[in-house]
Amino acid sequence: QVQLVESGGGLVQAGGSLRLSCVASRSTLSFNVMGWYRQAPGKQRELVAESTTVGFINYANSVKGRFTLSRDNAKNTVYLQMNSLKPEDTAVYYCSGLGHLNRYWGQGTQVTVSS
């Protein structure tokens, strides 16, 4: 059973920063892609950022220049550094890992940005 456990969400004022962490129960190198998605109330889940094992990183246009995804494979951990946060970044953020056959999800962590 693969587990992805997120932490680091919370309430922050606009312009502030948060760092999300996702710890995997197996090597992050065993996933073809690892990254972060988010879902705001009444909206579909959307990609925030994702990273391949060879280091290619794809960011949503809405977060480019503000968010940074990184991996620490020795710790089986993926991070999302979020700077210059905006109220529209408010959502539940989910860690995701894409294996050979399945996509795995964490339980989500709430990020709320107040104006």
# chains A, B, ... in the order shown; residues from 1 in each chain; ligands from 1
$ select_by_dssp --residues "region 61-114 of chain A" --states "strand (DSSP E)" --output "PyMOL selection string"
chain A and resi 67-72+77-82+91-98+103-105+109-114
$ residues_around --residues "Thr77 (chain A)" --least-positions-apart "6" --cutoff "9 Å" --atoms "only C-alpha atoms" --output "VMD selection string"
chain A and resid 21 to 24 27 to 28 70 to 71
$ residues_around --residues "Ile57 (chain A)" --least-positions-apart "3" --cutoff "9 Å" --atoms "only C-alpha atoms" --output "list in words"
Gly35, Ala49, Glu50, Ser51, Thr52, Leu69 and Ser70 of chain A
$ residues_around --residues "Arg66 (chain A)" --least-positions-apart "3" --cutoff "8 Å" --atoms "only C-alpha atoms" --output "ChimeraX atom specification"
/A:63,82-85
$ residues_around --residues "Val12 (chain A)" --least-positions-apart "3" --cutoff "12 Å" --atoms "only C-alpha atoms" --output "list in words"
Gly8, Gly9, Gly15, Gly16, Ser17, Leu18, Arg19, Met82, Asn83, Ser84, Leu85, Lys86, Pro87, Asp89, Thr90, Gln110, Val111, Thr112, Val113, Ser114 and Ser115 of chain A
$ closest_residue --among "A:Phe31, A:Tyr79, A:Phe67, A:Tyr104" --to "Gln1 (chain A)" --atoms "only C-alpha atoms"
A:Tyr104
$ atom_distance --atom1 "CA of Ala74 (chain A)" --atom2 "CA of Arg26 (chain A)"
10.8 Å
$ closest_residue --among "A:Gln39, A:Asn32, A:Thr68, A:Asn73" --to "Thr53 (chain A)" --atoms "only C-alpha atoms"
A:Asn32
$ closest_residue --among "A:Val78, A:Asn61, A:Leu101, A:Ala91" --to "Glu6 (chain A)" --atoms "only C-alpha atoms"
A:Val78
